[in-house]
>>> print(open('structure18.tsv').read())   # TSV, C-alpha atoms and all ligand atoms
chain	number	residue	atom	x	y	z
A	285	MET	CA	16.88	30.72	-67.98
A	286	ASN	CA	19.05	32.24	-70.72
A	287	ALA	CA	20.25	29.49	-73.05
A	288	PRO	CA	24.01	29.51	-73.58
A	289	THR	CA	25.41	30.40	-76.98
A	290	PRO	CA	24.21	27.56	-79.23
A	291	THR	CA	27.66	27.15	-80.73
A	292	ALA	CA	29.32	26.63	-77.33
A	293	GLY	CA	29.84	23.54	-75.21
A	294	HIS	CA	31.85	21.08	-77.31
A	295	LEU	CA	34.38	19.52	-74.93
A	296	VAL	CA	37.04	17.06	-76.06
A	297	LEU	CA	39.63	15.15	-74.04
A	298	HIS	CA	42.18	13.76	-76.44
A	299	GLY	CA	44.83	11.31	-75.15
A	300	VAL	CA	44.80	12.97	-71.74
A	301	SER	CA	47.04	11.72	-68.95
A	302	ALA	CA	46.92	13.63	-65.68
A	303	GLY	CA	47.62	13.38	-61.97
A	304	TYR	CA	49.30	15.03	-59.04
A	305	GLY	CA	53.02	15.79	-58.85
A	306	ASN	CA	54.78	12.87	-60.48
A	307	VAL	CA	51.86	10.49	-59.94
A	308	ARG	CA	49.78	9.78	-63.03
A	309	VAL	CA	46.21	8.85	-62.14
A	310	ILE	CA	44.45	8.87	-65.53
A	311	HIS	CA	45.95	7.63	-68.78
A	312	ASP	CA	45.19	8.38	-72.46
A	313	ILE	CA	41.62	9.47	-71.83
A	314	GLU	CA	39.47	9.96	-74.94
A	315	VAL	CA	36.11	11.58	-74.26
A	316	VAL	CA	34.03	13.63	-76.68
A	317	LEU	CA	31.10	15.67	-75.44
A	318	ALA	CA	29.15	17.07	-78.34
A	319	ARG	CA	27.40	20.41	-77.78
A	320	GLY	CA	24.23	19.87	-75.81
A	321	SER	CA	25.01	16.24	-74.99
A	322	PHE	CA	24.63	14.49	-71.63
A	323	ALA	CA	27.35	11.97	-70.73
A	324	VAL	CA	27.95	9.84	-67.66
A	325	LEU	CA	31.47	8.73	-66.74
A	326	LEU	CA	31.09	5.58	-64.62
A	327	GLY	CA	33.78	4.25	-62.33
A	328	SER	CA	34.32	2.71	-58.92
A	329	ASN	CA	36.13	4.30	-55.96
A	330	GLY	CA	39.57	5.51	-56.94
A	331	ALA	CA	39.07	4.92	-60.68
A	332	GLY	CA	40.10	8.50	-61.43
A	333	LYS	CA	36.71	10.19	-62.02
A	334	THR	CA	37.40	13.23	-59.84
A	335	THR	CA	40.89	13.54	-61.30
A	336	THR	CA	39.39	13.64	-64.81
A	337	LEU	CA	37.13	16.52	-63.79
A	338	ARG	CA	39.98	18.25	-61.97
A	339	ALA	CA	42.14	17.96	-65.10
A	340	ILE	CA	39.41	19.71	-67.13
A	341	MET	CA	39.18	22.45	-64.48
A	342	GLY	CA	42.95	23.03	-64.38
A	343	MET	CA	43.17	21.55	-60.87
A	344	ALA	CA	45.19	18.43	-61.74
A	345	LYS	CA	48.37	18.44	-63.79
A	346	VAL	CA	47.87	17.35	-67.42
A	347	SER	CA	51.10	15.64	-68.52
A	348	LYS	CA	49.96	14.46	-71.95
A	349	GLY	CA	47.24	15.11	-74.51
A	350	ASP	CA	44.88	18.04	-74.91
A	351	ILE	CA	41.55	19.26	-73.53
A	352	THR	CA	39.64	21.61	-75.80
A	353	LEU	CA	36.45	23.60	-75.44
A	354	ASP	CA	35.01	24.60	-78.80
A	355	GLY	CA	38.41	23.97	-80.35
A	356	LYS	CA	40.34	26.08	-77.83
A	357	SER	CA	42.85	24.37	-75.52
A	358	LEU	CA	42.22	24.60	-71.78
A	359	VAL	CA	45.49	22.92	-70.78
A	360	GLY	CA	47.85	25.05	-68.70
A	361	ARG	CA	45.22	27.65	-67.96
A	362	GLY	CA	44.04	28.70	-64.51
A	363	THR	CA	40.75	27.49	-63.05
A	364	ARG	CA	39.17	30.95	-63.01
A	365	ASP	CA	40.06	31.38	-66.66
A	366	ILE	CA	38.52	27.98	-67.50
A	367	ILE	CA	35.32	28.97	-65.67
A	368	SER	CA	35.24	32.21	-67.70
A	369	GLU	CA	35.51	30.12	-70.86
A	370	GLY	CA	32.31	28.35	-69.89
A	371	VAL	CA	33.09	25.24	-67.81
A	372	ALA	CA	31.75	24.88	-64.26
A	373	LEU	CA	32.10	22.14	-61.63
A	374	SER	CA	29.70	20.94	-58.98
A	375	PRO	CA	32.31	19.27	-56.73
A	376	GLU	CA	32.25	15.95	-54.92
A	377	GLY	CA	30.85	16.34	-51.41
A	378	ARG	CA	28.89	19.49	-52.47
A	379	GLN	CA	31.18	21.81	-50.50
A	380	VAL	CA	28.54	24.40	-49.73
A	381	PHE	CA	29.34	27.06	-47.12
A	382	ALA	CA	27.17	25.92	-44.21
A	383	SER	CA	27.07	29.29	-42.43
A	384	LEU	CA	26.06	31.25	-45.54
A	385	THR	CA	22.47	31.43	-46.75
A	386	VAL	CA	21.38	29.64	-49.89
A	387	GLU	CA	21.43	32.89	-51.87
A	388	GLU	CA	24.86	33.90	-50.54
A	389	ASN	CA	26.18	30.48	-51.58
A	390	LEU	CA	24.73	30.90	-55.05
A	391	LEU	CA	26.33	34.33	-55.42
A	392	THR	CA	29.78	32.85	-54.73
A	393	GLY	CA	29.40	31.02	-58.05
A	394	CYS	CA	29.26	34.25	-60.10
A	395	LEU	CA	32.22	35.39	-62.14
A	396	PRO	CA	34.01	38.18	-60.24
A	397	ALA	CA	33.42	40.77	-62.95
A	398	SER	CA	29.65	40.29	-63.13
A	399	GLY	CA	27.55	43.26	-62.11
A	400	TRP	CA	24.60	43.24	-59.72
A	401	ARG	CA	21.98	43.25	-62.49
A	402	HIS	CA	23.66	40.25	-64.13
A	403	ARG	CA	23.78	38.45	-60.78
A	404	ARG	CA	20.04	38.98	-60.27
A	405	THR	CA	19.37	37.57	-63.74
A	406	ARG	CA	21.52	34.53	-63.01
A	407	LEU	CA	19.78	33.98	-59.65
A	408	ALA	CA	16.40	34.11	-61.39
A	409	GLY	CA	17.64	31.54	-63.94
A	410	VAL	CA	18.84	29.17	-61.21
A	411	TYR	CA	15.61	29.57	-59.20
A	412	GLU	CA	13.67	28.70	-62.35
A	413	HIS	CA	15.45	25.32	-62.43
A	414	PHE	CA	15.39	24.88	-58.65
A	415	PRO	CA	12.23	26.53	-57.21
A	416	LEU	CA	13.03	24.91	-53.87
A	417	LEU	CA	16.23	26.98	-53.59
A	418	SER	CA	14.16	30.11	-54.12
A	419	LYS	CA	11.93	29.13	-51.19
A	420	ARG	CA	15.03	28.53	-49.05
A	421	ALA	CA	16.95	31.60	-50.29
A	422	ALA	CA	17.39	33.18	-46.84
A	423	GLN	CA	17.98	29.91	-44.97
A	424	ASP	CA	21.43	28.88	-43.72
A	425	SER	CA	22.76	26.24	-46.11
A	426	GLY	CA	23.90	23.98	-43.26
A	427	THR	CA	20.24	23.35	-42.40
A	428	LEU	CA	19.43	21.92	-45.85
A	429	SER	CA	19.02	18.20	-46.48
A	430	GLY	CA	21.68	16.36	-48.49
A	431	GLY	CA	19.56	16.48	-51.65
A	432	GLU	CA	18.91	20.21	-51.23
A	433	GLN	CA	22.62	20.85	-50.69
A	434	GLN	CA	23.34	18.95	-53.89
A	435	MET	CA	20.85	21.16	-55.75
A	436	LEU	CA	22.61	24.17	-54.26
A	437	ALA	CA	26.02	22.91	-55.45
A	438	VAL	CA	24.67	22.49	-59.00
A	439	GLY	CA	22.87	25.85	-58.82
A	440	ARG	CA	26.07	27.57	-57.69
A	441	ALA	CA	27.94	26.08	-60.66
A	442	LEU	CA	25.22	27.42	-63.00
A	443	MET	CA	25.74	30.97	-61.71
A	444	SER	CA	28.80	31.40	-63.96
A	445	GLU	CA	26.57	30.66	-66.99
A	446	PRO	CA	28.51	27.61	-68.19
A	447	SER	CA	28.14	25.94	-71.56
A	448	VAL	CA	29.57	22.78	-69.95
A	449	LEU	CA	28.50	21.58	-66.49
A	450	LEU	CA	30.62	18.96	-64.70
A	451	VAL	CA	28.91	17.15	-61.80
A	452	ASP	CA	30.95	15.00	-59.42
A	453	GLU	CA	29.01	12.15	-57.78
A	454	ALA	CA	25.71	13.98	-57.30
A	455	SER	CA	23.99	10.78	-56.19
A	456	LEU	CA	26.37	9.99	-53.32
A	457	GLY	CA	24.50	9.39	-50.05
A	458	LEU	CA	21.08	10.31	-51.45
A	459	ALA	CA	17.89	8.23	-51.41
A	460	PRO	CA	17.01	6.74	-54.83
A	461	VAL	CA	13.96	8.99	-55.16
A	462	MET	CA	16.11	12.09	-54.62
A	463	VAL	CA	18.69	10.79	-57.12
A	464	GLU	CA	15.92	10.46	-59.73
A	465	HIS	CA	14.67	13.97	-58.97
A	466	LEU	CA	18.15	15.44	-59.23
A	467	PHE	CA	18.91	13.77	-62.53
A	468	GLU	CA	15.56	14.89	-63.93
A	469	LEU	CA	16.63	18.45	-63.05
A	470	LEU	CA	20.03	17.87	-64.69
A	471	ALA	CA	18.22	16.58	-67.77
A	472	GLN	CA	16.16	19.82	-67.84
A	473	ILE	CA	19.32	21.92	-67.58
A	474	ASN	CA	20.78	19.86	-70.42
A	475	LYS	CA	17.64	20.44	-72.54
A	476	ALA	CA	18.08	24.18	-71.97
A	477	GLY	CA	21.35	23.84	-73.93
A	478	VAL	CA	24.04	23.05	-71.34
A	479	THR	CA	26.40	20.15	-72.08
A	480	VAL	CA	26.52	17.88	-69.01
A	481	LEU	CA	29.20	15.45	-67.83
A	482	ALA	CA	28.23	13.59	-64.64
A	483	VAL	CA	30.74	11.26	-63.00
A	484	GLU	CA	29.09	8.48	-61.07
A	485	GLN	CA	29.38	5.11	-59.40
A	486	ASN	CA	25.63	4.69	-59.75
A	487	VAL	CA	24.78	2.75	-62.92
A	488	ALA	CA	21.07	3.53	-62.42
A	489	VAL	CA	21.50	7.11	-63.66
A	490	THR	CA	22.96	6.15	-67.04
A	491	HIS	CA	19.53	6.19	-68.68
A	492	TYR	CA	19.56	9.99	-68.45
A	493	ALA	CA	22.68	10.14	-70.61
A	494	ASP	CA	23.07	9.85	-74.35
A	495	HIS	CA	26.66	8.61	-73.94
A	496	VAL	CA	28.35	6.56	-71.24
A	497	TYR	CA	32.07	6.05	-70.57
A	498	VAL	CA	33.49	3.48	-68.16
A	499	LEU	CA	36.69	4.34	-66.31
A	500	GLU	CA	38.74	1.57	-64.69
A	501	GLN	CA	42.07	2.18	-62.97
A	502	GLY	CA	42.50	5.47	-64.79
A	503	ARG	CA	41.68	4.19	-68.28
A	504	ILE	CA	38.54	4.31	-70.39
A	505	THR	CA	37.59	0.69	-70.99
A	506	MET	CA	34.24	1.29	-72.67
A	507	GLY	CA	32.47	4.20	-74.27
A	508	GLY	CA	29.64	4.90	-76.66
A	509	ALA	CA	25.90	5.44	-76.96
A	510	THR	CA	24.14	4.57	-73.70
A	511	ALA	CA	22.16	1.59	-75.06
A	512	ASP	CA	25.31	-0.02	-76.51
A	513	VAL	CA	27.38	0.44	-73.35
A	514	ALA	CA	24.50	-0.76	-71.14
A	515	GLU	CA	24.20	-3.95	-73.21
A	516	ARG	CA	27.95	-4.56	-73.00
A	517	LEU	CA	27.95	-3.94	-69.24
A	518	HIS	CA	25.05	-6.33	-68.83
A	519	ARG	CA	26.91	-9.00	-70.81
A	520	ASP	CA	30.09	-8.49	-68.78
A	521	ILE	CA	28.16	-8.84	-65.53
A	522	ALA	CA	26.45	-11.99	-66.81
A	523	SER	CA	29.82	-13.34	-67.89
A	524	ALA	CA	31.51	-12.54	-64.56
A	525	TYR	CA	28.76	-13.69	-62.20
A	526	LEU	CA	26.90	-16.37	-64.13
A	527	GLY	CA	29.97	-18.05	-65.62
A	528	ARG	CA	29.15	-17.54	-69.27
A	529	SER	CA	32.07	-18.32	-71.50
A	530	SER	CA	30.91	-16.41	-74.59
A	531	PRO	CA	30.24	-12.66	-74.38
A	532	THR	CA	28.05	-12.85	-77.51
A	533	PRO	CA	24.34	-13.43	-76.85
A	534	ASP	CA	22.60	-16.19	-78.81
A	535	PRO	CA	20.22	-14.44	-81.23
A	536	THR	CA	17.96	-17.51	-81.41
A	537	GLY	CA	16.96	-17.22	-77.80
A	538	PRO	CA	17.69	-18.21	-74.21
A	539	THR	CA	19.19	-21.67	-74.58
A	540	ASP	CA	21.93	-21.22	-71.99
A	541	PRO	CA	21.38	-24.01	-69.44
A	542	GLN	CA	22.78	-21.74	-66.70
A	543	ALA	CA	20.37	-18.93	-67.52
A	544	THR	CA	18.19	-17.70	-64.70
A	545	PRO	CA	14.89	-15.79	-64.99
A	546	ARG	CA	16.86	-12.59	-64.20
A	547	ASP	CA	18.75	-13.01	-67.48
A	548	HIS	CA	15.63	-12.29	-69.46
A	549	GLU	CA	14.20	-9.36	-67.55
A	550	GLY	CA	16.05	-7.05	-69.91
A	551	ASP	CA	16.73	-4.03	-67.69
A	552	PRO	CA	20.34	-3.16	-68.50
A	553	HIS	CA	20.52	-0.58	-65.73
A	554	GLU	CA	20.01	-2.91	-62.80
A	601	LIG	P1	36.16	8.42	-55.49
A	601	LIG	O1	34.84	7.99	-55.98
A	601	LIG	O2	36.65	7.61	-54.33
A	601	LIG	O3	36.29	9.90	-55.29
A	601	LIG	P2	37.53	8.72	-58.04
A	601	LIG	O4	37.22	7.78	-59.14
A	601	LIG	O5	36.94	10.07	-58.11
A	601	LIG	O6	37.18	8.02	-56.67
A	601	LIG	P3	40.06	10.04	-57.73
A	601	LIG	O7	39.60	10.87	-56.58
A	601	LIG	O8	40.27	10.69	-59.02
A	601	LIG	O9	39.10	8.79	-57.95
A	601	LIG	O10	41.38	9.31	-57.25
A	601	LIG	C1	42.07	8.41	-58.09
A	601	LIG	C2	43.43	8.09	-57.48
A	601	LIG	O11	44.20	9.29	-57.38
A	601	LIG	C3	43.34	7.50	-56.09
A	601	LIG	O12	44.25	6.42	-56.01
A	601	LIG	C4	43.78	8.61	-55.19
A	601	LIG	O13	44.46	8.12	-54.06
A	601	LIG	C5	44.72	9.43	-56.07
A	601	LIG	N1	44.66	10.84	-55.68
A	601	LIG	C6	43.55	11.60	-55.60
A	601	LIG	N2	43.85	12.86	-55.22
A	601	LIG	C7	45.21	12.89	-55.05
A	601	LIG	C8	46.14	13.90	-54.69
A	601	LIG	N3	45.75	15.15	-54.41
A	601	LIG	N4	47.45	13.55	-54.64
A	601	LIG	C9	47.87	12.31	-54.95
A	601	LIG	N5	47.02	11.31	-55.31
A	601	LIG	C10	45.72	11.59	-55.37
>>> encode(input="structure18.tsv", output="structure tokens")
Amino acid sequence: MNAPTPTAGHLVLHGVSAGYGNVRVIHDIEVVLARGSFAVLLGSNGAGKTTTLRAIMGMAKVSKGDITLDGKSLVGRGTRDIISEGVALSPEGRQVFASLTVEENLLTGCLPASGWRHRRTRLAGVYEHFPLLSKRAAQDSGTLSGGEQQMLAVGRALMSEPSVLLVDEASLGLAPVMVEHLFELLAQINKAGVTVLAVEQNVAVTHYADHVYVLEQGRITMGGATADVAERLHRDIASAYLGRSSPTPDPTGPTDPQATPRDHEGDPHE
């Protein structure tokens, strides 16, 4: 697959508030995606994850702050224009056209001005990442499994040759083994030079990311390198469920009388 321009794909949300009509859903969001980075935005139902992605895509009204791609503001611009600048969205619920074939669905992701030769090159690039879609090219998309439809939704977003790929809840409704497979593919796409922002409720996928942000009731409450955020999340969970009064771990060892064996297993992604 053709790597995007190496200088492209630096996305910044600076003090962004956004919503629908007069309703503000997200407030003062600060997110920095360095070029070629892979970030996960974690949040529960209704936290504002989709709204954050929609604000980037020009589909939710930004009332405050700025969103820039490689230093250029995206605020106030149309969605098609934002896609042309290099941002693409794989939407929540996949939204593939069930009665179109896999290849026809992929072609809907191309920029309108792209010629046939360019479309063939893009298809080849997507099939390289998703060989299964190549095998199913002529099949109606409605007959695909949930995991295959999710691959198709990501593949369709890649057809516009983005430098930044936004993925809304890819893991929703999929078996854990399929979630792992999908995120391995996203990691490959990221290694090929595409900046990735995945919004998720599934903490298990954070180990694919270099940065993690936590969104609660429309506000970022935590953000940083994955290992740091994972440790803080683990401490918060311990504090909430095991009744620890101090959020600071004792460096001399496990002397907490309430500690259980689970405390010391050390997997922050559980
Ligand atoms: P989920 O995982 O359930 O999709 P989310 O974190 O993606 O949750 P959003 O879809 O961004 O959350 O929704 C956040 C809030 O914004 C919710 O309270 C929702 O009711 C509200 N909301 C979403 N879309 C609209 C809309 N078109 N008009 C008004 N309010 C909306």
>>> residues_near_ligand(input="structure18.tsv", ligand="ligand LIG 601 (chain A)", cutoff="6 Å", atoms="all atoms listed in the file", output="list in words")
Tyr304, Val309, Gly327, Ser328, Asn329, Gly330, Ala331, Gly332, Lys333, Thr334 and Thr335 of chain A
>>> closest_residue(input="structure18.tsv", among="A:Glu464, A:Asp512, A:Glu388, A:Asp354", to="Val448 of chain A", atoms="all atoms listed in the file")
A:Asp354
>>> axis_aligned_box(input="structure18.tsv", around="segment 304-314 of chain A", padding_each_side="8 Å", output="AutoDock Vina command-line options")
--center_x 47.1 --center_y 11.7 --center_z -66.9 --size_x 31.3 --size_y 24.2 --size_z 32.1
>>> atom_distance(input="structure18.tsv", atom1="atom CA of Ala509 of chain A", atom2="atom CA of Ala493 of chain A")
8.5 Å
>>> closest_atom_pairs(input="structure18.tsv", of="segment 477-529 of chain A", to="segment 357-380 of chain A", cutoff="10 Å", atoms="all atoms listed in the file", output="CSV")
residue,atom,partner,partner_atom,distance
A:Val478,CA,A:Gly370,CA,9.9
A:Thr479,CA,A:Val371,CA,9.4
A:Val480,CA,A:Val371,CA,9.9
A:Leu481,CA,A:Leu373,CA,9.6
A:Ala482,CA,A:Ser374,CA,9.4
A:Val483,CA,A:Glu376,CA,9.5
>>> atom_distance(input="structure18.tsv", atom1="atom CA of Leu470 of chain A", atom2="atom CA of Ala437 of chain A")
12.1 Å
>>> closest_residue(input="structure18.tsv", among="A:Thr385, A:His495, A:Phe414, A:His402", to="Ala318 of chain A", atoms="only C-alpha atoms")
A:His495
>>> atom_distance(input="structure18.tsv", atom1="atom CA of Glu484 of chain A", atom2="atom CA of Val498 of chain A")
9.7 Å
>>> residues_around(input="structure18.tsv", residues="Gly349 of chain A", least_positions_apart="3", cutoff="10 Å", atoms="only C-alpha atoms", output="list in words")
Leu297, His298, Gly299, Val300, Ser301, Ala302, His311, Asp312, Ile313, Glu314, Val346 and Val359 of chain A
>>> closest_residue(input="structure18.tsv", among="A:Asn389, A:Gln423, A:Gly477, A:Arg519", to="Val438 of chain A", atoms="all atoms listed in the file")
A:Asn389
>>> closest_residue(input="structure18.tsv", among="A:Leu436, A:Ile340, A:Ala421, A:Leu416", to="Gly393 of chain A", atoms="only C-alpha atoms")
A:Leu436
>>> residues_around(input="structure18.tsv", residues="Ile473 of chain A", least_positions_apart="4", cutoff="12 Å", atoms="all atoms listed in the file", output="mmCIF file with C-alpha atoms, in the frame of the given file")
data_model
loop_
_atom_site.group_PDB
_atom_site.id
_atom_site.type_symbol
_atom_site.label_atom_id
_atom_site.label_comp_id
_atom_site.auth_asym_id
_atom_site.auth_seq_id
_atom_site.Cartn_x
_atom_site.Cartn_y
_atom_site.Cartn_z
ATOM 1 C CA MET A 285 16.880 30.720 -67.980
ATOM 2 C CA ASN A 286 19.050 32.240 -70.720
ATOM 3 C CA ALA A 287 20.250 29.490 -73.050
ATOM 4 C CA PRO A 288 24.010 29.510 -73.580
ATOM 5 C CA GLY A 320 24.230 19.870 -75.810
ATOM 6 C CA SER A 321 25.010 16.240 -74.990
ATOM 7 C CA PHE A 322 24.630 14.490 -71.630
ATOM 8 C CA GLY A 409 17.640 31.540 -63.940
ATOM 9 C CA VAL A 410 18.840 29.170 -61.210
ATOM 10 C CA TYR A 411 15.610 29.570 -59.200
ATOM 11 C CA GLU A 412 13.670 28.700 -62.350
ATOM 12 C CA HIS A 413 15.450 25.320 -62.430
ATOM 13 C CA PHE A 414 15.390 24.880 -58.650
ATOM 14 C CA MET A 435 20.850 21.160 -55.750
ATOM 15 C CA VAL A 438 24.670 22.490 -59.000
ATOM 16 C CA GLY A 439 22.870 25.850 -58.820
ATOM 17 C CA ALA A 441 27.940 26.080 -60.660
ATOM 18 C CA LEU A 442 25.220 27.420 -63.000
ATOM 19 C CA GLU A 445 26.570 30.660 -66.990
ATOM 20 C CA PRO A 446 28.510 27.610 -68.190
ATOM 21 C CA SER A 447 28.140 25.940 -71.560
ATOM 22 C CA VAL A 448 29.570 22.780 -69.950
ATOM 23 C CA LEU A 449 28.500 21.580 -66.490
ATOM 24 C CA LEU A 466 18.150 15.440 -59.230
ATOM 25 C CA PHE A 467 18.910 13.770 -62.530
ATOM 26 C CA GLU A 468 15.560 14.890 -63.930
ATOM 27 C CA LEU A 469 16.630 18.450 -63.050
ATOM 28 C CA GLY A 477 21.350 23.840 -73.930
ATOM 29 C CA VAL A 478 24.040 23.050 -71.340
ATOM 30 C CA THR A 479 26.400 20.150 -72.080
ATOM 31 C CA VAL A 480 26.520 17.880 -69.010
ATOM 32 C CA LEU A 481 29.200 15.450 -67.830
ATOM 33 C CA TYR A 492 19.560 9.990 -68.450
#
>>> closest_residue(input="structure18.tsv", among="A:Arg503, A:Ala471, A:Leu384, A:Leu295", to="Met341 of chain A", atoms="all atoms listed in the file")
A:Leu295
>>> closest_residue(input="structure18.tsv", among="A:Lys419, A:Val386, A:Val487, A:Ser444", to="Ser398 of chain A", atoms="only C-alpha atoms")
A:Ser444
